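Chemist: The following file, query-v6.cif, comprises mmCIF, C-alpha atoms:
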```cif
data_start
#
loop_
_atom_site.label_atom_id
_atom_site.label_comp_id
_atom_site.auth_asym_id
_atom_site.auth_seq_id
_atom_site.Cartn_x
_atom_site.Cartn_y
_atom_site.Cartn_z
CA MET A 329 -153.34 -32.85 -33.52
CA THR A 330 -156.19 -35.22 -34.35
CA ARG A 331 -159.43 -34.35 -32.59
CA THR A 332 -161.27 -37.14 -30.84
CA LEU A 333 -164.92 -38.13 -30.54
CA THR A 334 -166.09 -40.64 -27.94
CA ILE A 335 -169.48 -42.32 -28.35
CA HIS A 336 -170.99 -43.74 -25.18
CA ILE A 337 -173.59 -46.36 -26.10
CA ARG A 338 -176.02 -47.83 -23.59
CA SER A 339 -178.54 -49.52 -25.88
CA GLY A 340 -178.36 -53.17 -26.94
CA THR A 341 -178.03 -54.30 -30.54
CA MET A 342 -181.61 -55.63 -30.76
CA MET A 343 -183.29 -52.95 -28.61
CA ASN A 344 -183.57 -50.06 -31.03
CA MET A 345 -181.56 -48.30 -33.73
CA ASP A 346 -179.08 -46.57 -31.38
CA PRO A 347 -176.24 -49.00 -32.26
CA ASN A 348 -176.81 -48.21 -35.94
CA VAL A 349 -176.61 -44.49 -35.21
CA MET A 350 -173.35 -45.26 -33.39
CA ILE A 351 -171.99 -47.11 -36.43
CA LYS A 352 -172.98 -44.37 -38.90
CA LEU A 353 -171.65 -41.58 -36.67
CA ALA A 354 -168.38 -43.41 -36.09
CA GLN A 355 -167.99 -44.05 -39.82
CA ALA A 356 -168.70 -40.43 -40.77
CA ALA A 357 -166.31 -39.11 -38.11
CA THR A 358 -163.58 -41.55 -39.19
CA ASP A 359 -164.07 -40.54 -42.82
CA LYS A 360 -163.53 -36.92 -41.78
CA GLY A 361 -160.25 -37.78 -40.07
CA TYR A 362 -161.34 -37.73 -36.43
CA LYS A 363 -160.19 -40.33 -33.92
CA VAL A 364 -163.21 -42.24 -32.61
CA ASN A 365 -163.61 -44.21 -29.38
CA VAL A 366 -166.75 -46.18 -28.51
CA PHE A 367 -167.54 -47.29 -24.97
CA GLY A 368 -170.39 -49.74 -24.34
CA TYR A 369 -172.12 -49.74 -20.97
CA GLY A 370 -175.20 -51.57 -19.68
CA GLU A 371 -177.02 -53.20 -22.61
CA GLY A 372 -174.51 -51.45 -24.88
CA VAL A 373 -172.01 -54.24 -24.18
CA MET A 374 -174.02 -56.64 -26.36
CA ALA A 375 -172.55 -54.99 -29.45
CA ILE A 376 -169.22 -56.77 -28.95
CA LYS A 377 -170.61 -60.31 -28.75
CA GLU A 378 -169.03 -62.43 -31.45
CA GLY A 379 -171.25 -64.48 -33.71
CA GLN A 380 -174.15 -62.04 -34.08
CA ASP A 381 -176.42 -63.25 -36.87
CA PRO A 382 -179.51 -61.03 -37.08
CA ARG A 383 -181.94 -61.82 -39.88
CA ARG A 384 -183.82 -58.52 -40.01
CA PHE A 385 -181.42 -56.02 -38.46
CA PRO A 386 -178.00 -54.72 -39.49
CA ASN A 387 -175.14 -56.81 -38.11
CA VAL A 388 -173.60 -54.39 -35.61
CA GLY A 389 -170.75 -56.73 -34.67
CA LYS A 390 -169.64 -57.05 -38.27
CA ALA A 391 -169.90 -53.28 -38.80
CA MET A 392 -167.80 -52.68 -35.67
CA ASP A 393 -165.18 -55.10 -36.93
CA GLU A 394 -164.92 -53.10 -40.17
CA LEU A 395 -164.69 -49.81 -38.28
CA ALA A 396 -162.01 -51.18 -35.94
CA LYS A 397 -159.88 -51.95 -39.00
CA GLN A 398 -160.18 -48.23 -39.86
CA GLY A 399 -158.91 -47.24 -36.41
CA VAL A 400 -162.03 -46.98 -34.24
CA THR A 401 -161.46 -48.24 -30.67
CA PHE A 402 -164.22 -50.33 -29.06
CA VAL A 403 -164.24 -51.02 -25.33
CA VAL A 404 -167.07 -52.23 -23.10
CA CYS A 405 -167.65 -52.46 -19.36
CA GLU A 406 -166.47 -55.76 -17.85
CA THR A 407 -168.95 -55.68 -14.96
CA CYS A 408 -171.83 -55.24 -17.43
CA CYS A 409 -170.50 -58.15 -19.52
CA THR A 410 -170.22 -60.42 -16.50
CA ALA A 411 -173.76 -59.55 -15.46
CA ARG A 412 -174.97 -60.65 -18.92
CA GLY A 413 -172.89 -63.82 -19.09
CA ILE A 414 -170.46 -62.52 -21.70
CA ARG A 415 -167.01 -63.87 -20.85
CA ARG A 416 -163.58 -62.94 -22.15
CA GLY A 417 -162.99 -64.72 -25.43
CA GLU A 418 -166.60 -64.25 -26.55
CA GLU A 419 -166.00 -60.71 -27.81
CA ILE A 420 -165.25 -59.82 -31.42
CA LYS A 421 -161.48 -59.82 -31.79
CA THR A 422 -161.23 -56.12 -32.53
CA ALA A 423 -163.01 -55.08 -29.31
CA LYS A 424 -161.82 -55.06 -25.72
CA ILE A 425 -163.60 -55.86 -22.47
CA GLY A 426 -162.37 -53.06 -20.23
CA SER A 427 -163.66 -50.85 -17.45
CA LEU A 428 -165.15 -47.51 -16.56
CA THR A 429 -162.17 -46.55 -14.46
CA ASN A 430 -159.40 -47.51 -16.88
CA ASP A 431 -161.02 -46.91 -20.24
CA LEU A 432 -164.06 -44.63 -20.13
CA SER A 433 -162.24 -42.19 -17.87
CA ARG A 434 -159.30 -42.15 -20.31
CA PHE A 435 -161.63 -41.66 -23.27
CA VAL A 436 -163.34 -38.73 -21.55
CA ALA A 437 -159.99 -37.17 -20.69
CA GLU A 438 -158.63 -37.40 -24.23
CA SER A 439 -161.83 -36.54 -26.13
CA ASP A 440 -162.82 -33.20 -27.59
CA ARG A 441 -166.48 -34.21 -27.76
CA MET A 442 -168.63 -36.97 -26.34
CA VAL A 443 -171.99 -38.23 -27.56
CA THR A 444 -174.21 -40.44 -25.41
CA LEU A 445 -176.71 -42.76 -27.07
CA ALA A 446 -179.06 -43.97 -24.35
CA ARG A 447 -182.75 -44.30 -23.45
CA MET B 1022 -170.72 -17.67 -24.38
CA SER B 1023 -170.75 -21.38 -25.06
CA SER B 1024 -173.09 -23.47 -27.17
CA ILE B 1025 -175.00 -26.69 -26.62
CA LEU B 1026 -176.11 -29.29 -29.13
CA PHE B 1027 -178.88 -31.51 -27.82
CA ILE B 1028 -179.25 -35.05 -29.15
CA MET B 1029 -182.80 -36.37 -29.22
CA LEU B 1030 -183.68 -40.00 -29.99
CA LYS B 1031 -187.24 -40.40 -28.73
CA SER B 1032 -190.47 -39.48 -30.46
CA PRO B 1033 -192.45 -36.48 -29.18
CA TYR B 1034 -194.98 -38.98 -27.81
CA GLU B 1035 -192.32 -40.58 -25.59
CA TYR B 1036 -190.43 -37.43 -24.65
CA SER B 1037 -192.32 -34.50 -23.22
CA SER B 1038 -189.75 -32.70 -21.09
CA LEU B 1039 -188.84 -29.92 -23.49
CA ASP B 1040 -188.65 -27.53 -20.54
CA HIS B 1041 -185.37 -29.33 -19.71
CA LEU B 1042 -183.89 -28.00 -22.94
CA ALA B 1043 -184.90 -24.46 -22.07
CA ALA B 1044 -183.61 -24.81 -18.50
CA ILE B 1045 -180.26 -26.32 -19.51
CA GLY B 1046 -179.82 -24.12 -22.55
CA GLY B 1047 -180.54 -20.87 -20.77
CA ASP B 1048 -179.03 -18.00 -22.73
CA GLU B 1049 -176.55 -20.24 -24.57
CA ARG B 1050 -176.72 -20.79 -28.31
CA THR B 1051 -178.51 -24.12 -28.70
CA GLY B 1052 -179.34 -26.61 -31.41
CA VAL B 1053 -180.99 -30.01 -31.55
CA ILE B 1054 -180.31 -33.00 -33.77
CA LEU B 1055 -183.31 -35.29 -34.17
CA PHE B 1056 -182.35 -38.95 -34.66
CA GLU B 1057 -184.58 -42.02 -35.06
CA ASP B 1058 -188.19 -41.51 -33.86
CA ALA B 1059 -187.36 -37.97 -32.70
CA VAL B 1060 -187.70 -36.91 -36.36
CA CYS B 1061 -191.47 -37.01 -35.72
CA PHE B 1062 -191.09 -33.60 -34.05
CA ALA B 1063 -190.55 -32.23 -37.56
CA VAL B 1064 -193.90 -33.46 -38.87
CA ASP B 1065 -196.12 -32.78 -35.86
CA LYS B 1066 -197.12 -29.13 -36.10
CA ASN B 1067 -197.72 -28.59 -32.38
CA LYS B 1068 -194.81 -30.67 -31.05
CA GLY B 1069 -192.51 -29.16 -33.66
CA GLN B 1070 -193.46 -25.64 -32.61
CA GLU B 1071 -192.89 -26.50 -28.95
CA LEU B 1072 -189.38 -27.66 -29.84
CA LEU B 1073 -188.64 -24.61 -31.99
CA ASP B 1074 -189.74 -22.43 -29.06
CA VAL B 1075 -186.95 -23.76 -26.80
CA THR B 1076 -183.96 -23.97 -29.14
CA ASP B 1077 -182.31 -21.91 -31.85
CA LYS B 1078 -181.97 -24.52 -34.60
CA VAL B 1079 -183.42 -27.96 -35.21
CA TYR B 1080 -181.55 -30.40 -37.44
CA VAL B 1081 -183.22 -33.58 -38.71
CA MET B 1082 -181.36 -36.71 -39.81
CA ARG B 1083 -182.34 -37.26 -43.42
CA ASP B 1084 -181.90 -41.08 -43.25
CA ASP B 1085 -184.23 -41.45 -40.28
CA PHE B 1086 -186.77 -39.02 -41.75
CA ALA B 1087 -186.91 -40.91 -45.04
CA ALA B 1088 -186.90 -44.31 -43.31
CA ARG B 1089 -190.22 -43.39 -41.68
CA GLY B 1090 -191.81 -42.50 -45.00
CA PHE B 1091 -191.64 -38.71 -44.63
CA SER B 1092 -190.62 -36.55 -47.55
CA SER B 1093 -191.86 -32.97 -47.07
CA ILE B 1094 -190.59 -30.86 -44.22
CA SER B 1095 -191.10 -27.31 -43.02
CA SER B 1096 -188.34 -24.85 -43.91
CA ARG B 1097 -187.93 -24.22 -40.17
CA PHE B 1098 -186.21 -27.61 -39.88
CA ILE B 1099 -182.86 -28.44 -41.47
CA LEU B 1100 -182.34 -31.86 -43.05
CA ILE B 1101 -178.78 -33.11 -42.60
CA ASP B 1102 -176.64 -36.18 -43.29
CA TYR B 1103 -174.10 -37.90 -41.03
CA PRO B 1104 -171.04 -35.92 -42.20
CA THR B 1105 -172.92 -32.71 -41.35
CA ALA B 1106 -173.92 -34.15 -37.96
CA VAL B 1107 -170.22 -34.78 -37.28
CA ASP B 1108 -169.39 -31.18 -38.23
CA LEU B 1109 -172.04 -29.90 -35.82
CA ILE B 1110 -170.85 -32.15 -33.00
CA MET B 1111 -167.11 -31.60 -33.47
CA GLU B 1112 -166.86 -28.04 -34.78
CA GLN B 1113 -170.05 -26.01 -34.50
CA TYR B 1114 -171.08 -26.55 -30.87
CA ASP B 1115 -169.05 -26.75 -27.65
CA GLN B 1116 -170.78 -29.76 -26.14
CA THR B 1117 -173.54 -32.30 -26.70
CA ILE B 1118 -176.22 -33.35 -24.26
CA THR B 1119 -178.53 -36.30 -24.92
CA VAL B 1120 -182.05 -35.78 -23.62
#
```
How does this structure look as structure tokens?
Modeler:
Amino acid sequence: MTRTLTIHIRSGTMMNMDPNVMIKLAQAATDKGYKVNVFGYGEGVMAIKEGQDPRRFPNVGKAMDELAKQGVTFVVCETCCTARGIRRGEEIKTAKIGSLTNDLSRFVAESDRMVTLAR
Amino acid sequence: MSSILFIMLKSPYEYSSLDHLAAIGGDERTGVILFEDAVCFAVDKNKGQELLDVTDKVYVMRDDFAARGFSSISSRFILIDYPTAVDLIMEQYDQTITV
């Protein structure tokens, strides 16, 4: 049975390099055959905003899109999105606006390991 | 006996609660992966020693170490890449705790 890693990210895409650690960890775990879930909470929800166009930082949204095509699941907290003015339809197409109760709890239940990236 | 892998992201000048690692780790087998600015623990003699005093092994992300212009490292620290980090997280330790 495939073992599962969940990454819980709470840092925004332009705050620090945590989202890039998330991307590299998710890619390495996927390459090794693990199932990977990513849950964004707090500022971590910014990673799913469509149309990111950073000039001096890696494009996290684009990297997530590529990872999603390889099977990585991306879900973020709806309440955190609403608080930041991110509405349904503004997320990258391969990510889902979900919830702590329905999604993070399921990820925790089905994961073998969980890594939190937060400040 | 279980094992704990700590994840550290902050520099030693931001994070000074290493006693938490000792308290949480207790008698368990423990390791630390240093990501981002936390790699500075590996080049600060005093801070590095303080970290080595409270955990069994200290792993340093090679990308983040090199990105900050560092090249030489004490043999007491272990430089690793992302595939190795995944092995540590998924296979070598029972749980991770971010501090």
Chemist: Expand the PyMOL selection byres ((chain B) within 7 of (chain A)) into the explicit residue set it covers here, and present it as a PyMOL selection string.
Modeler: chain B and resi 1103-1104+1107+1111+1116-1117+1119
Chemist: Provide the atom CA of Gly1090 of chain B to atom CA of Leu1055 of chain B distance in Å, to one decimal place.
Modeler: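 Atom-to-atom, atom CA of Gly1090 of chain B and atom CA of Leu1055 of chain B are spaced 15.5 Å apart.
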Chemist: For a test of reading the model, state the distance in Å between atom CA of Arg384 of chain A and atom CA of Thr341 of chain A, rounded to one decimal.
Modeler: 11.9 Å
Chemist: Expressed in Å to a single decimal, how great is the separation between atom CA of Thr334 of chain A and atom CA of Ser439 of chain A?
Modeler: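 We find that atom CA of Thr334 of chain A and atom CA of Ser439 of chain A lie 6.2 Å from each other.
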Chemist: Extract, using only C-alpha atoms, all DNA, RNA and protein residues at most 6 Å from segment 1059-1071 of chain B, discarding same-chain residues fewer than 3 positions from it, and format them as a list of chain:residue names.
Modeler: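 After dropping sequence-adjacent residues, the list is B:Met1029, B:Leu1030, B:Lys1031, B:Ser1032, B:Pro1033, B:Leu1055, B:Phe1056, B:Asp1074, B:Phe1086.
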Chemist: Quick one: of B:Arg1089, B:Met1022, B:Leu1109, B:Val1075, who's nearest to Leu1039 of chain B, counting only C-alpha atoms?
Modeler: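 Checking each of B:Arg1089, B:Met1022, B:Leu1109, B:Val1075 against Leu1039 of chain B, counting only C-alpha atoms, the winner is B:Val1075.
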Chemist: Applying the PyMOL selection byres ((chain A and resi 405) around 7) to the file I just gave you, which residues come out? Please list them as a ChimeraX atom specification.
Modeler: /A:368-369,373,404,406-409,425-428
Chemist: Would you save segment 343-420 of chain A to a file, keeping C-alpha atoms, as an mmCIF file, in the first residue's frame?
Modeler:
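The result, stored in part.cif:
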```cif
data_model
loop_
_atom_site.group_PDB
_atom_site.id
_atom_site.type_symbol
_atom_site.label_atom_id
_atom_site.label_comp_id
_atom_site.auth_asym_id
_atom_site.auth_seq_id
_atom_site.Cartn_x
_atom_site.Cartn_y
_atom_site.Cartn_z
ATOM 1 C CA MET A 343 6.606 35.661 3.122
ATOM 2 C CA ASN A 344 9.611 33.373 3.151
ATOM 3 C CA MET A 345 10.909 30.227 1.455
ATOM 4 C CA ASP A 346 8.573 27.775 3.237
ATOM 5 C CA PRO A 347 6.364 27.317 0.132
ATOM 6 C CA ASN A 348 9.477 26.445 -1.865
ATOM 7 C CA VAL A 349 10.469 23.868 0.737
ATOM 8 C CA MET A 350 6.926 22.500 0.396
ATOM 9 C CA ILE A 351 7.301 22.239 -3.387
ATOM 10 C CA LYS A 352 10.721 20.541 -3.222
ATOM 11 C CA LEU A 353 9.628 18.122 -0.487
ATOM 12 C CA ALA A 354 6.436 17.239 -2.350
ATOM 13 C CA GLN A 355 8.385 16.682 -5.568
ATOM 14 C CA ALA A 356 11.007 14.473 -3.892
ATOM 15 C CA ALA A 357 8.337 12.422 -2.096
ATOM 16 C CA THR A 358 6.330 12.018 -5.311
ATOM 17 C CA ASP A 359 9.461 10.941 -7.179
ATOM 18 C CA LYS A 360 9.996 8.258 -4.528
ATOM 19 C CA GLY A 361 6.472 6.921 -5.017
ATOM 20 C CA TYR A 362 4.757 8.354 -1.947
ATOM 21 C CA LYS A 363 1.278 9.851 -2.058
ATOM 22 C CA VAL A 364 1.459 13.535 -1.089
ATOM 23 C CA ASN A 365 -1.276 15.815 0.263
ATOM 24 C CA VAL A 366 -0.761 19.523 0.920
ATOM 25 C CA PHE A 367 -3.084 21.536 3.145
ATOM 26 C CA GLY A 368 -2.801 25.337 3.248
ATOM 27 C CA TYR A 369 -3.957 27.193 6.332
ATOM 28 C CA GLY A 370 -3.696 30.855 7.361
ATOM 29 C CA GLU A 371 -1.335 32.671 4.981
ATOM 30 C CA GLY A 372 -0.638 29.272 3.406
ATOM 31 C CA VAL A 373 -3.831 29.605 1.358
ATOM 32 C CA MET A 374 -2.184 32.241 -0.853
ATOM 33 C CA ALA A 375 -0.337 29.468 -2.687
ATOM 34 C CA ILE A 376 -3.482 28.489 -4.600
ATOM 35 C CA LYS A 377 -4.275 31.951 -5.984
ATOM 36 C CA GLU A 378 -4.373 31.791 -9.760
ATOM 37 C CA GLY A 379 -2.385 34.313 -11.752
ATOM 38 C CA GLN A 380 0.690 34.561 -9.523
ATOM 39 C CA ASP A 381 3.411 36.420 -11.393
ATOM 40 C CA PRO A 382 6.405 36.979 -9.101
ATOM 41 C CA ARG A 383 9.415 38.661 -10.681
ATOM 42 C CA ARG A 384 12.074 37.652 -8.158
ATOM 43 C CA PHE A 385 10.641 34.555 -6.488
ATOM 44 C CA PRO A 386 9.775 31.082 -7.759
ATOM 45 C CA ASN A 387 6.206 30.821 -9.047
ATOM 46 C CA VAL A 388 4.641 28.569 -6.411
ATOM 47 C CA GLY A 389 1.257 28.401 -8.153
ATOM 48 C CA LYS A 390 2.814 27.142 -11.355
ATOM 49 C CA ALA A 391 4.941 24.604 -9.466
ATOM 50 C CA MET A 392 1.839 23.357 -7.636
ATOM 51 C CA ASP A 393 0.021 22.964 -10.929
ATOM 52 C CA GLU A 394 2.854 20.764 -12.212
ATOM 53 C CA LEU A 395 2.876 18.692 -9.024
ATOM 54 C CA ALA A 396 -0.908 18.249 -9.129
ATOM 55 C CA LYS A 397 -0.531 16.701 -12.586
ATOM 56 C CA GLN A 398 1.815 14.162 -10.939
ATOM 57 C CA GLY A 399 -0.820 13.273 -8.341
ATOM 58 C CA VAL A 400 -0.224 15.682 -5.460
ATOM 59 C CA THR A 401 -3.470 16.858 -3.812
ATOM 60 C CA PHE A 402 -3.734 20.542 -2.827
ATOM 61 C CA VAL A 403 -6.479 21.768 -0.511
ATOM 62 C CA VAL A 404 -6.730 25.006 1.465
ATOM 63 C CA CYS A 405 -8.946 26.302 4.255
ATOM 64 C CA GLU A 406 -12.077 28.070 2.994
ATOM 65 C CA THR A 407 -12.424 30.301 6.058
ATOM 66 C CA CYS A 408 -8.831 31.511 5.604
ATOM 67 C CA CYS A 409 -9.520 32.195 1.905
ATOM 68 C CA THR A 410 -12.660 34.165 2.670
ATOM 69 C CA ALA A 411 -10.789 36.216 5.255
ATOM 70 C CA ARG A 412 -8.230 37.145 2.573
ATOM 71 C CA GLY A 413 -10.757 37.866 -0.169
ATOM 72 C CA ILE A 414 -9.975 34.764 -2.215
ATOM 73 C CA ARG A 415 -13.236 33.474 -3.677
ATOM 74 C CA ARG A 416 -14.093 30.204 -5.356
ATOM 75 C CA GLY A 417 -13.051 30.382 -8.989
ATOM 76 C CA GLU A 418 -9.891 32.339 -8.178
ATOM 77 C CA GLU A 419 -7.908 29.225 -7.263
ATOM 78 C CA ILE A 420 -5.605 27.370 -9.644
#
```
